[in-house]
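Engineer: Shown below is the structure under consideration.
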Amino acid sequence: MKYFSLYRIFTIVWMAVRIFIEIISFRKKHRRNWTDQTDKRWEALLRRQAKRYKEKALYLEGVLIKLGQYLSTRKDIMPDAYLEELTDLLDQVPAVSWERAKVVLEEEWGEPYTAVLKDISKDPIASASIGEVYKGILHNGQLVAVKIQRPKIGKIIYSDFRAVRIVLWMLKRFTKLENSMDLSLFYREFVRTIGDELNFELELQNGLYFKKKYEDFPGIEIPDYYSEYSTKRVLVMDWMEGSRLTDINFLAKHRLDRYKIANVLLEAFLGQLLQEGKFHADPHPGNIMVKADGTIVLIDFGMVGEIKKKDAMHIRDIVIGIMIKDYDRVVHALEGMKFLLPHADKDEIARIIKMLVDTYSDNGIKAGDTRVVEEIMTDIEKLVNEQPIQLPSEYAFLGRAISTFIGNLYTLDPKMDLLAMCSPIIKKWLKENMGSAKDTVLNFAKSTLKPLVSLPNQLQQILDEPKKYREWQKSSQLLRMKHEMVVSRKRDAFLLVLLSLILTYVSYFLNQTYLLYGSIGVFVISYLYYLRMLLRHRKLVKHGFKS
């Protein structure tokens with residue numbers, strides 16, 4: 001049943017509609033009386049929803065798993081209850097039986113698998129949403145990893161794309177998520193990235209690209225690939241012995257220096273960010289292995305993004321701007337990367353960035369200092385909410401990669417000072433790649449580059465804003481209130497439209513004439529009201545508010 005397209009689309013869309021209805025109903029019910037007890041009920045509701053999503057994702061597989069994995073890293077838009085549940089999707093993907101995997105393998109090779117392999121494990125060593133990895137032996141005795149695509153996964157994913165498109169349309173129309181992300185562009189980027197994962201020939205090319213990139217990089221190793229045995233649905237590479245990056249017991253057993261491993265990884269990853277080219281978009285612990293001698297092995301290049309030359313220049317400008325305290329340069333780079341919407345107040349954003357840098361520039365922050373971390377996140381959230389800032393879809397997977405990678409580093413050493421580690425690496429990279437023209441920047445950096453997050457939040461500074469900021473804030477709040485009211489009414493109208501359609505269908509099926517006429521009447525009225533709210537919403541957007 002779960003392989004039928006209509007069933008999958010209906011199940012995914014209905015799950016999303018149910019979540020919307022539950023959230024809207026709860027907020028309306030407790031809008032005027034929100035207490036500590038309400039907070040607990042709200043948290044319980046979110047946890048039930050997240051658990052329901054996880055169970056449905058593990059059953060349906062496909063895009064729901066990939067989307068859940070992506071959302072599990074988006075602390076900026078997802079509540080903690082969802083993050084905790086969805087994180088399990090990284091390690092709980094159910095395995096496919098060997099008999100079904102063997103069919104795919106032999107279809108791709110066009111002959112019995114024994115013609116290529118002397119032996120192969122019948123249980124997968126690793127199981128993911130797109131494919132599974134088996135341990136095999138070639139006839140020459142070479143150990144290999146054989147990645148086999150899950151049966152029917154292509155059909156499943158392309159069917160799910162249609163459901164995701166419907167859900168994103170609802171998010172765009174009835175939530176504020178469009179304020180922080182262009183959902184239409186995100187959908188196209190999502191389809192492109194996941195679609196590329198289905199083609200193992202692309203993953204082969206990506207693997208060869210990174211092998212060449214790191215062939216002279218000390219401490220980093222990429223496995224050799226066997227192009228002659230690799231196809232669109234099968235990928236063969238050398239078997240690499242080791243353990244996942246976050247296996248602390250393995251690191252301790254072999255007396256490996258966790259700080260050194262983190263430093264090598266950080267230098268490799270920063271090189272991907274600061275220079276145009278491809279970057280590993282899925283650096284979770286299972287895709288980064290450590291050998292007994294401390295060598296780091298990078299694997300699984302199915303999800304790869306690309307940083308274009310102009311984007312790499314903007315990223316370098318952000319780094320250099322912060323180093324020399326040129327915040328106009330930082331804002332200009334953010335605008336070039338499309339983080340700022342057209343009506344953003346650039347002077348105000350530059351001033352707020354400067355305030356944040358100045359506020360948090362005295363002492364280094366440690367990962368364990370949760371109070372300071374929470375205050376930093378509060379200030380960042382305040383900046384995003386009060387200014388027209390968005391996350392461009394083309395950077396959605398870059399943001400996910402960065403947050404996943406940073407999580408890996410803090411797992412290795414929870415007390416590491418990440419910014420202090422970055423400083424010499426960035427200065428070294430600039431010196432080697434930017435030339436003597438940046439010597440002035442490097443000199444400035446020695447005295448000005450400090451950890452940017454450290455002090456407790458100083459809310460008093462917000463009260464000392466210039467008149468221009470207070471006036472802008474007042475008008476922005478008024479416009480936001482109008483927008484929230486219109487969006488709320490539009491949601492209500494849409495729900496009435498849905499409910500009346502369902503009621504119309506039920507009454508027709510049960511042959512209830514009066515109920516049928518009544519539900520049709522409700523549908524017409526609610527639809528007209530929805531159109532009215534839609535027109536009012538568009539007028540608000542036209543006059544300067546981005547929904």
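Scheme for the structure tokens: letters A, B, ... for chains in order shown; per-chain residue numbers from 1; ligand numbers from 1 in order shown.
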List every residue of region 7-251 of chain A that DSSP, applied to the backbone of this structure, assigns to strand (DSSP E or B), and report them as an MDAnalysis selection string.

Structural biologist: chainID A and resid 117:120 126:127 131:138 143:149 181 220:221 225 234:238 243:244

Engineer: Can you list, as a PDB file with N, CA, C and O atoms, in the first residue's frame, every protein, DNA or RNA residue that comes within 7 Å of region 401-406 of chain A when you count only C-alpha atoms, leaving out same-chain residues fewer than 4 positions away?

Structural biologist:
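Once everything was written out, this is result-v9.pdb:
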```pdb
ATOM      1  N   THR A  73      18.225  19.506  11.919  1.00  0.00           N
ATOM      2  CA  THR A  73      19.387  20.380  12.115  1.00  0.00           C
ATOM      3  C   THR A  73      18.998  21.856  12.101  1.00  0.00           C
ATOM      4  O   THR A  73      19.865  22.711  12.263  1.00  0.00           O
ATOM      5  N   ALA A 281      27.741  18.217   1.684  1.00  0.00           N
ATOM      6  CA  ALA A 281      26.518  18.771   2.259  1.00  0.00           C
ATOM      7  C   ALA A 281      25.904  17.884   3.336  1.00  0.00           C
ATOM      8  O   ALA A 281      24.886  18.245   3.917  1.00  0.00           O
ATOM      9  N   ASP A 282      26.521  16.727   3.611  1.00  0.00           N
ATOM     10  CA  ASP A 282      25.948  15.810   4.596  1.00  0.00           C
ATOM     11  C   ASP A 282      27.040  15.222   5.492  1.00  0.00           C
ATOM     12  O   ASP A 282      27.242  14.002   5.544  1.00  0.00           O
ATOM     13  N   PRO A 283      27.757  16.094   6.235  1.00  0.00           N
ATOM     14  CA  PRO A 283      28.896  15.616   7.034  1.00  0.00           C
ATOM     15  C   PRO A 283      28.506  15.102   8.415  1.00  0.00           C
ATOM     16  O   PRO A 283      29.101  15.466   9.422  1.00  0.00           O
ATOM     17  N   HIS A 284      27.474  14.245   8.487  1.00  0.00           N
ATOM     18  CA  HIS A 284      27.106  13.698   9.792  1.00  0.00           C
ATOM     19  C   HIS A 284      28.138  12.640  10.205  1.00  0.00           C
ATOM     20  O   HIS A 284      28.923  12.162   9.377  1.00  0.00           O
ATOM     21  N   PHE A 397      21.055  24.010   2.419  1.00  0.00           N
ATOM     22  CA  PHE A 397      21.844  22.808   2.670  1.00  0.00           C
ATOM     23  C   PHE A 397      23.252  23.152   3.146  1.00  0.00           C
ATOM     24  O   PHE A 397      23.868  22.368   3.859  1.00  0.00           O
ATOM     25  N   TYR A 410      31.944  19.707  18.477  1.00  0.00           N
ATOM     26  CA  TYR A 410      31.661  19.833  19.904  1.00  0.00           C
ATOM     27  C   TYR A 410      31.470  18.464  20.558  1.00  0.00           C
ATOM     28  O   TYR A 410      31.662  18.322  21.770  1.00  0.00           O
TER      29      TYR A 410
END
```

Engineer: Give me, please, the distance in Å between CA of Ile299 (chain A) and CA of Pro124 (chain A), quoted to one decimal.

Structural biologist: 16.2 Å

Engineer: With distances taken over only C-alpha atoms, which of A:Ile137, A:Val116, A:Val103, A:Leu185 is nearest to Gln149 (chain A)?

Structural biologist: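 Of all the options, A:Val103 lies closest to Gln149 (chain A).
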
Engineer: Using only C-alpha atoms, which residue out of A:Gln37, A:Thr513, A:Thr175, A:Gln142 lies closest to Phe20 (chain A)?

Structural biologist: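 Counting only C-alpha atoms, the residue closest to Phe20 (chain A) is A:Thr175.
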
Engineer: Using CA of Lys135 (chain A) and CA of Glu99 (chain A) as the two end points, give the distance in Å to one decimal.

Structural biologist: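 Pair CA of Lys135 (chain A) / CA of Glu99 (chain A) returns 15.5 Å.
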
Engineer: Which residues, written as a ChimeraX atom specification, have at least one atom at most 9 Å from region 524-530 of chain A, with only C-alpha atoms counted and residues fewer than 6 positions away on the same chain left out?

Structural biologist: /A:489-497,500

Engineer: Limited to all heavy atoms, could you put the picked residues into a file as a short mmCIF file (atom, residue, chain, number, x, y, z; two decimals), in the first residue's frame?

Structural biologist:
```cif
data_model
loop_
_atom_site.label_atom_id
_atom_site.label_comp_id
_atom_site.auth_asym_id
_atom_site.auth_seq_id
_atom_site.Cartn_x
_atom_site.Cartn_y
_atom_site.Cartn_z
N ARG A 489 -7.13 35.15 10.02
CA ARG A 489 -8.45 35.02 9.42
C ARG A 489 -8.41 34.20 8.13
O ARG A 489 -9.33 33.45 7.82
CB ARG A 489 -9.03 36.41 9.14
CG ARG A 489 -9.38 37.18 10.41
CD ARG A 489 -9.92 38.55 10.10
NE ARG A 489 -10.28 39.26 11.32
CZ ARG A 489 -10.75 40.51 11.34
NH1 ARG A 489 -10.92 41.17 10.20
NH2 ARG A 489 -11.06 41.10 12.49
N LYS A 490 -7.31 34.35 7.39
CA LYS A 490 -7.17 33.58 6.15
C LYS A 490 -7.05 32.09 6.46
O LYS A 490 -7.62 31.25 5.76
CB LYS A 490 -5.96 34.08 5.36
CG LYS A 490 -5.92 33.56 3.93
CD LYS A 490 -4.84 34.24 3.11
CE LYS A 490 -3.46 33.82 3.55
NZ LYS A 490 -2.41 34.27 2.63
N ARG A 491 -6.32 31.77 7.53
CA ARG A 491 -6.20 30.37 7.95
C ARG A 491 -7.59 29.80 8.30
O ARG A 491 -7.94 28.69 7.91
CB ARG A 491 -5.29 30.25 9.18
CG ARG A 491 -3.81 30.44 8.91
CD ARG A 491 -3.04 29.94 10.12
NE ARG A 491 -1.69 30.47 10.12
CZ ARG A 491 -1.24 31.39 10.96
NH1 ARG A 491 -2.05 31.89 11.87
NH2 ARG A 491 0.00 31.81 10.91
N ASP A 492 -8.32 30.59 9.09
CA ASP A 492 -9.65 30.12 9.50
C ASP A 492 -10.53 29.85 8.29
O ASP A 492 -11.26 28.84 8.24
CB ASP A 492 -10.31 31.17 10.41
CG ASP A 492 -9.59 31.33 11.73
OD1 ASP A 492 -8.82 30.42 12.09
OD2 ASP A 492 -9.79 32.35 12.40
N ALA A 493 -10.49 30.77 7.32
CA ALA A 493 -11.31 30.61 6.13
C ALA A 493 -10.90 29.36 5.35
O ALA A 493 -11.74 28.61 4.85
CB ALA A 493 -11.19 31.85 5.24
N PHE A 494 -9.60 29.13 5.27
CA PHE A 494 -9.12 27.96 4.54
C PHE A 494 -9.56 26.66 5.22
O PHE A 494 -9.96 25.70 4.56
CB PHE A 494 -7.59 28.01 4.43
CG PHE A 494 -7.00 26.85 3.67
CD1 PHE A 494 -7.12 26.78 2.29
CD2 PHE A 494 -6.35 25.83 4.33
CE1 PHE A 494 -6.59 25.71 1.59
CE2 PHE A 494 -5.82 24.75 3.64
CZ PHE A 494 -5.94 24.71 2.26
N LEU A 495 -9.48 26.64 6.55
CA LEU A 495 -9.92 25.46 7.28
C LEU A 495 -11.42 25.21 7.07
O LEU A 495 -11.85 24.06 6.93
CB LEU A 495 -9.62 25.62 8.77
CG LEU A 495 -8.14 25.56 9.16
CD1 LEU A 495 -7.97 25.83 10.65
CD2 LEU A 495 -7.55 24.20 8.81
N LEU A 496 -12.21 26.29 7.05
CA LEU A 496 -13.64 26.15 6.79
C LEU A 496 -13.89 25.60 5.39
O LEU A 496 -14.79 24.78 5.20
CB LEU A 496 -14.34 27.51 6.95
CG LEU A 496 -14.68 27.93 8.38
CD1 LEU A 496 -15.26 29.34 8.40
CD2 LEU A 496 -15.67 26.95 9.01
N VAL A 497 -13.08 26.06 4.43
CA VAL A 497 -13.21 25.55 3.07
C VAL A 497 -12.94 24.04 3.05
O VAL A 497 -13.70 23.25 2.46
CB VAL A 497 -12.24 26.28 2.11
CG1 VAL A 497 -12.20 25.57 0.75
CG2 VAL A 497 -12.68 27.73 1.91
N SER A 500 -15.79 22.15 4.95
CA SER A 500 -17.04 22.14 4.20
C SER A 500 -16.96 21.20 2.99
O SER A 500 -17.95 20.55 2.64
CB SER A 500 -17.41 23.56 3.74
OG SER A 500 -16.40 24.11 2.91
#
```

Engineer: As a ChimeraX atom specification, please: every residue in region 206-417 of chain A that DSSP puts in alpha helix (DSSP H).

Structural biologist: /A:206-213,248-253,258-274,309-323,327-336,346-359,370-386,396-412

Engineer: Considering only C-alpha atoms, return as an NGL selection string whatever protein or nucleic-acid residues lie within 10 Å of Met421 (chain A), sequence-local ones (same chain, fewer than 2 positions apart) excluded.

Structural biologist: :A and (259 or 262-263 or 266-267 or 416-419 or 423-426 or 451)

Engineer: Find the spatial neighbours of Gln205 (chain A), counting only C-alpha atoms, within a cut-off of 12 Å - ignore same-chain residues fewer than 6 positions away - and output them as a list in words.

Structural biologist: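 Near Gln205 (chain A), the qualifying residues are Asp196, Glu197, Asn199, Lys211, Lys212, Asp224, Tyr225, Tyr226, Ser227, Ser230, Thr231, Lys232, Leu235, Lys278, Asp300, Phe301, Gly302, Met303 and Val304 of chain A.
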
Engineer: Pick out the residues sitting within 12 Å of region 43-45 of chain A, and hand them over as a PyMOL selection string; count only C-alpha atoms, and ignore anything fewer than 5 positions along from it in its own chain.

Structural biologist: chain A and resi 18-27+36-38+50-52+79-82+84
